[in-house]
Amino acid sequence: MAIQNPTKSNFRTEFDVNKLLLTLAGICGFIFLWHASVKWLPVDAFNRLPDPIEVVIEWVSTDPDYGISIFTEDYYIHIFYSTYRALVSFFLAVILGVPLGIFMGWKGSVYDYANSLLGLLRPVPPLAWVPIAILMFPGVEPAVVFVTFLVAFFATTMNTLVGVRSIPDDYYRAASCLGASSIDVLRDVVIPGAMPSIFTGLQIAMGAAWFSLVAGEMIAAQYGLGFVIWEAYNLIQYPTIVIGMATLGLVGYLSSALVRLLGNKLMAWHEQRLGLHT
Amino acid sequence: MSTSKMKVEGPLTGKVSIRNVTKVYDPDGANVVALEQFSMEVPAGDFIAIVGPSGCGKSTLLNILAGFDTLSQGEVYLDEEPLALVNKPALPGPSRVVVFQQGALFPWKTVLENVTYGLLKQRVMGKSDAEAKAMDLLARSGNLEKIGGLYPNQLSSGMQRRVEILRALINDPKILLLDEPFRAMDTVNKNTMHQHLLKIYQDNPKTIMFITHDLEEALFLADRVIVMTTRPGTLKLDIKVNLPRPRRREMMASKEYLNLRQQTISAVREEAKKAFERGERELA
C-alpha cells in the first residue's frame with residue numbers, strides 16, 4: 001500500500017539537462033537550416049528572404065531600417081493591439097462557451113438544440129467569416145474580434161461538452177446516494193469532472209484565437225502583428241515580416257503557457273495523478 | 001468522541017422485503033427479462049451475498065434498491081415501508097448507499113472531503129463536526145486518518161475501496177449495497193479487503209447486500225448466499241452460512257465450509273454454463 005508523498009518533487013520540476021540540450025539543438029538546427037537555405041542554396045526565391053542574422057540585427061536595432069524593432073514604440077503598440085484582441089475574444093469565448101458546453105453536456109435537450117447547429121458552423125474556416133463580419137459590425141475592430149472569438153468559442157464549447165460527457169455515471173450516482181441535490185451535482189460533479197477537458201479546450205482556444213486573429217488583422221486592421229506582417233510584405237520590408245512572425249510565436253506560446261499554469265493550479269488532484277505515473 | 005465503537009441505538013433497522021420483482025428492458029422492442037418474479041426477505045443486519053453469472057440481473061436488483069432503476073412488476077419494502085413500487089420507484093438517497101464496482105470516490109476531492117460529503121450535503125451536521133466524525137472513523141479503521149489530506153489517485157486501489165466503504169458507512173445507511181467492490185483485485189489484496197470489510201461489519205452491524213460472482217468470497221463473508229439463475233434472473237439457491245464470526249481464513253478448510261461449497265458450486269457452474277451457451281447462441 002504505497003502512498004505517494006505529496007511533498008516529494010515530481011518529475012516535471014526536476015532539472016533535466018538532456019531535455020534542455022535537445023531543445024537547444026532543435027532551435028539551433030532550425031536557425032542553421034534557415035541560414036543555409038537563404039545564403040547557400042542556389043534558389044533565387046530563397047535568396048531573396050532575410051537570413052537570421054539580418055532579422056536579429058533589425059529586431060534589436062535602436063534605429064531600424066523599416067521602423068519596427070524592440071526600441072520603437074510602434075512595435076509595442078502592435079503587440080498591445082493583437083494581445084488585446086486575442087484576450088477579449090478568448091474571455092468572451094470562455095464566458096459564453098464554458099457554460100454552454102456544461103449545459104449541453106448536462107441537459108440532453110440543450111444538447112439536441114445546439115449540437116447540430118454547432119456541427120454545421122464549426123467547419124467554416126475563420127477567414128470565410130471575415131466579409132460577413134465586416135458587413136455585420138460597424139467598424140473593423142469588432143469584426144476582427146468577432147472572427148477571433150468564433151473559433152475560440154467553438155473550441156471551448158466542444159471541449160467542455162466532451163468533458164461533461166466523459167464523466168462516469170457512477171459519480172452522479174454516488175453523489176445522489178450521498179444526498180446531493182441537482183445543484184450540488186452540478187457544482188461537485190459536473191464542473192470539477194469536466195475541468196481537465198475544459199482546460200484542454202482553453203489551451204486550444206488560445207492557440208486558435210491567435211491563429212484567426214492574424215488572419216483577420218491581415219485583411220481588416222490598421223494595427224496588430226498580422227497587419228505588421230502583411231504591410232511589411234506589401235512594402236518589401238522582409239526582415240519585419242519575420243520579426244512579426246517570431247513575436248507572434250513568443251506571445252502565443254506565453255499565453256498558452258499561462259492558461260496551462262492556471263489549469264495546473266486549479267487542478268491539484270489532476271496534476272498529482274500525472275506526476276504519479278506508476 | 002470517546003466511544004471506541006459506533007453503537008447502534010434502538011432496534012436494528014434495514015429489513016428488506018423483495019416481493020415478486022420483475023424487470024423487463026425493452027431496447028428496440030426486444031423484451032429482455034432481467035429479473036423474473038424475484039422474491040427475498042432480508043432480516044435487519046444480515047450480511048447477504050448475491051452470486052450469479054454476468055447478466056443474471058444481480059446488478060439490476062441492486063439498481064432497483066438504490067433507486068437508479070425502475071421495476072416492471074412487484075414491490076420492495078424497507079422496514080415495512082414501501083421503498084420501490086411500479087408507479088413509484090425508489091429515489092437514490094442516504095438510506096441505501098452504494099459502493100461501486102469501478103470505484104466512485106470523487107478524484108477532485110481529498111479523502112476527508114469525500115468521507116464528509118454525505119454528512120454535509122444532507123446537512124446533518126456542520127463542517128467541523130463532520131470532519132471530526134470522519135477523522136474518528138478513519139482512525140478506527142486501521143489508522144487511515146493520516147491519509148485524510150490525500151487525493152484518491154495518491155492511494156492504492158485497496159485503500160481507495162476502504163475509503164469508499166467508509167464514505168458510505170458514515171451516513172449510517174440502513175443498507176450498504178456493495179456491487180462487486182473487489183472484482184479487479186488480486187487474491188492477496190482481496191483477502192486483506194475481506195478482513196477490513198468483516199471488521200467494519202463487526203463494528204457496525206447493518207444490512208449488507210454484497211454482489212459478486214466469486215462464490216468463495218460470498219461464502220467466506222456472508223450470513224446467507226443467494227445464487228441467482230441466468231437471465232431471466234430468479235432465485236436458484238438460498239444457503240445459510242453457519243460459520244461462526246469472527247470469520248478467519250482457516251475456516252475455509254473446515255468441513256462445514258467445504259460442505260457449503262459443495263452444495264453451491266454445482267448450482268453456480270450450471271448457471272454459468274447456461275449463460276455461456278446462451279451467449280454463444282446470441283452471437284451465432
# chains A, B, ... in the order shown; residues from 1 in each chain; ligands from 1
call {"tool": "interface_residues", "arguments": {"of": "chain B", "to": "chain A", "cutoff": "9 Å", "atoms": "only C-alpha atoms", "output": "ChimeraX atom specification"}}
result
/B:66-68,91-100,102-110,117-122,147,150-159,167-168,171
call {"tool": "select_by_dssp", "arguments": {"residues": "stretch 54-240 of chain B", "states": "strand (DSSP E)", "output": "ChimeraX atom specification"}}
result
/B:73-78,81-84,96-99,175-179,207-212,224-228,235-240
call {"tool": "residues_around", "arguments": {"residues": "stretch 27-38 of chain B", "least_positions_apart": "6", "cutoff": "9 Å", "atoms": "only C-alpha atoms", "output": "MDAnalysis selection string"}}
result
chainID B and resid 18:21 55:58 60:61 73:74 230:235
call {"tool": "closest_residue", "arguments": {"among": "A:Val228, A:Ala143, A:Val151, A:Met206", "to": "A:Ser69", "atoms": "only C-alpha atoms"}}
result
A:Val228
call {"tool": "atom_distance", "arguments": {"atom1": "atom CA of A:Val162", "atom2": "atom CA of A:Asn115"}}
result
11.7 Å
call {"tool": "residues_around", "arguments": {"residues": "B:Phe182", "least_positions_apart": "3", "cutoff": "12 Å", "atoms": "only C-alpha atoms", "output": "PyMOL selection string"}}
result
chain B and resi 99-103+157-162+164-165+178-179+185-194+196-197+210-214+217-218
call {"tool": "residues_around", "arguments": {"residues": "B:Leu237", "least_positions_apart": "4", "cutoff": "10 Å", "atoms": "only C-alpha atoms", "output": "PyMOL selection string"}}
result
chain B and resi 51+225-229+263-264+267-268
call {"tool": "write_last_selection", "arguments": {"atoms": "C-alpha atoms", "output": "PDB file, in the first residue's frame"}}
result
ATOM      1  CA  VAL B  51     -23.923 -14.711  -6.625  1.00  0.00           C
ATOM      2  CA  VAL B 225     -25.656 -16.735  -0.015  1.00  0.00           C
ATOM      3  CA  ILE B 226     -28.234 -16.282  -2.754  1.00  0.00           C
ATOM      4  CA  VAL B 227     -27.434 -17.973  -6.059  1.00  0.00           C
ATOM      5  CA  MET B 228     -29.320 -16.483  -8.990  1.00  0.00           C
ATOM      6  CA  THR B 229     -30.195 -18.168 -12.257  1.00  0.00           C
ATOM      7  CA  GLN B 263     -23.711 -27.609  -2.268  1.00  0.00           C
ATOM      8  CA  THR B 264     -23.411 -24.306  -4.075  1.00  0.00           C
ATOM      9  CA  ALA B 267     -25.584 -24.645  -8.917  1.00  0.00           C
ATOM     10  CA  VAL B 268     -23.264 -21.788  -9.840  1.00  0.00           C
TER      11      VAL B 268
END
call {"tool": "select_by_dssp", "arguments": {"residues": "stretch 149-243 of chain B", "states": "alpha helix (DSSP H)", "output": "number ranges by chain"}}
result
B: 157-169, 187-203, 215-221
call {"tool": "residues_around", "arguments": {"residues": "B:Glu113", "least_positions_apart": "5", "cutoff": "9 Å", "atoms": "only C-alpha atoms", "output": "number ranges by chain"}}
result
B: 106, 131, 148-149
call {"tool": "residues_around", "arguments": {"residues": "A:Gly224", "least_positions_apart": "5", "cutoff": "7 Å", "atoms": "only C-alpha atoms", "output": "PyMOL selection string"}}
result
chain A and resi 78-79+81-82+217
call {"tool": "write_last_selection", "arguments": {"atoms": "N, CA and C atoms", "output": "PDB file, in the first residue's frame"}}
result
ATOM      1  N   HIS A  78       1.640  47.555 -31.670  1.00  0.00           N
ATOM      2  CA  HIS A  78       1.106  46.418 -32.431  1.00  0.00           C
ATOM      3  C   HIS A  78       0.893  45.202 -31.535  1.00  0.00           C
ATOM      4  N   ILE A  79       1.878  44.943 -30.697  1.00  0.00           N
ATOM      5  CA  ILE A  79       1.729  43.805 -29.768  1.00  0.00           C
ATOM      6  C   ILE A  79       0.510  44.023 -28.873  1.00  0.00           C
ATOM      7  N   TYR A  81      -2.210  45.801 -29.422  1.00  0.00           N
ATOM      8  CA  TYR A  81      -3.484  45.626 -30.122  1.00  0.00           C
ATOM      9  C   TYR A  81      -3.813  44.150 -30.332  1.00  0.00           C
ATOM     10  N   SER A  82      -2.826  43.390 -30.778  1.00  0.00           N
ATOM     11  CA  SER A  82      -3.086  41.966 -31.017  1.00  0.00           C
ATOM     12  C   SER A  82      -3.441  41.244 -29.726  1.00  0.00           C
ATOM     13  N   GLU A 217      -6.550  40.293 -38.950  1.00  0.00           N
ATOM     14  CA  GLU A 217      -5.750  41.529 -38.965  1.00  0.00           C
ATOM     15  C   GLU A 217      -5.112  41.782 -40.325  1.00  0.00           C
TER      16      GLU A 217
END
call {"tool": "closest_residue", "arguments": {"among": "A:Thr148, A:Asn159, A:Ser61, A:Thr83", "to": "A:Tyr223", "atoms": "only C-alpha atoms"}}
result
A:Thr83
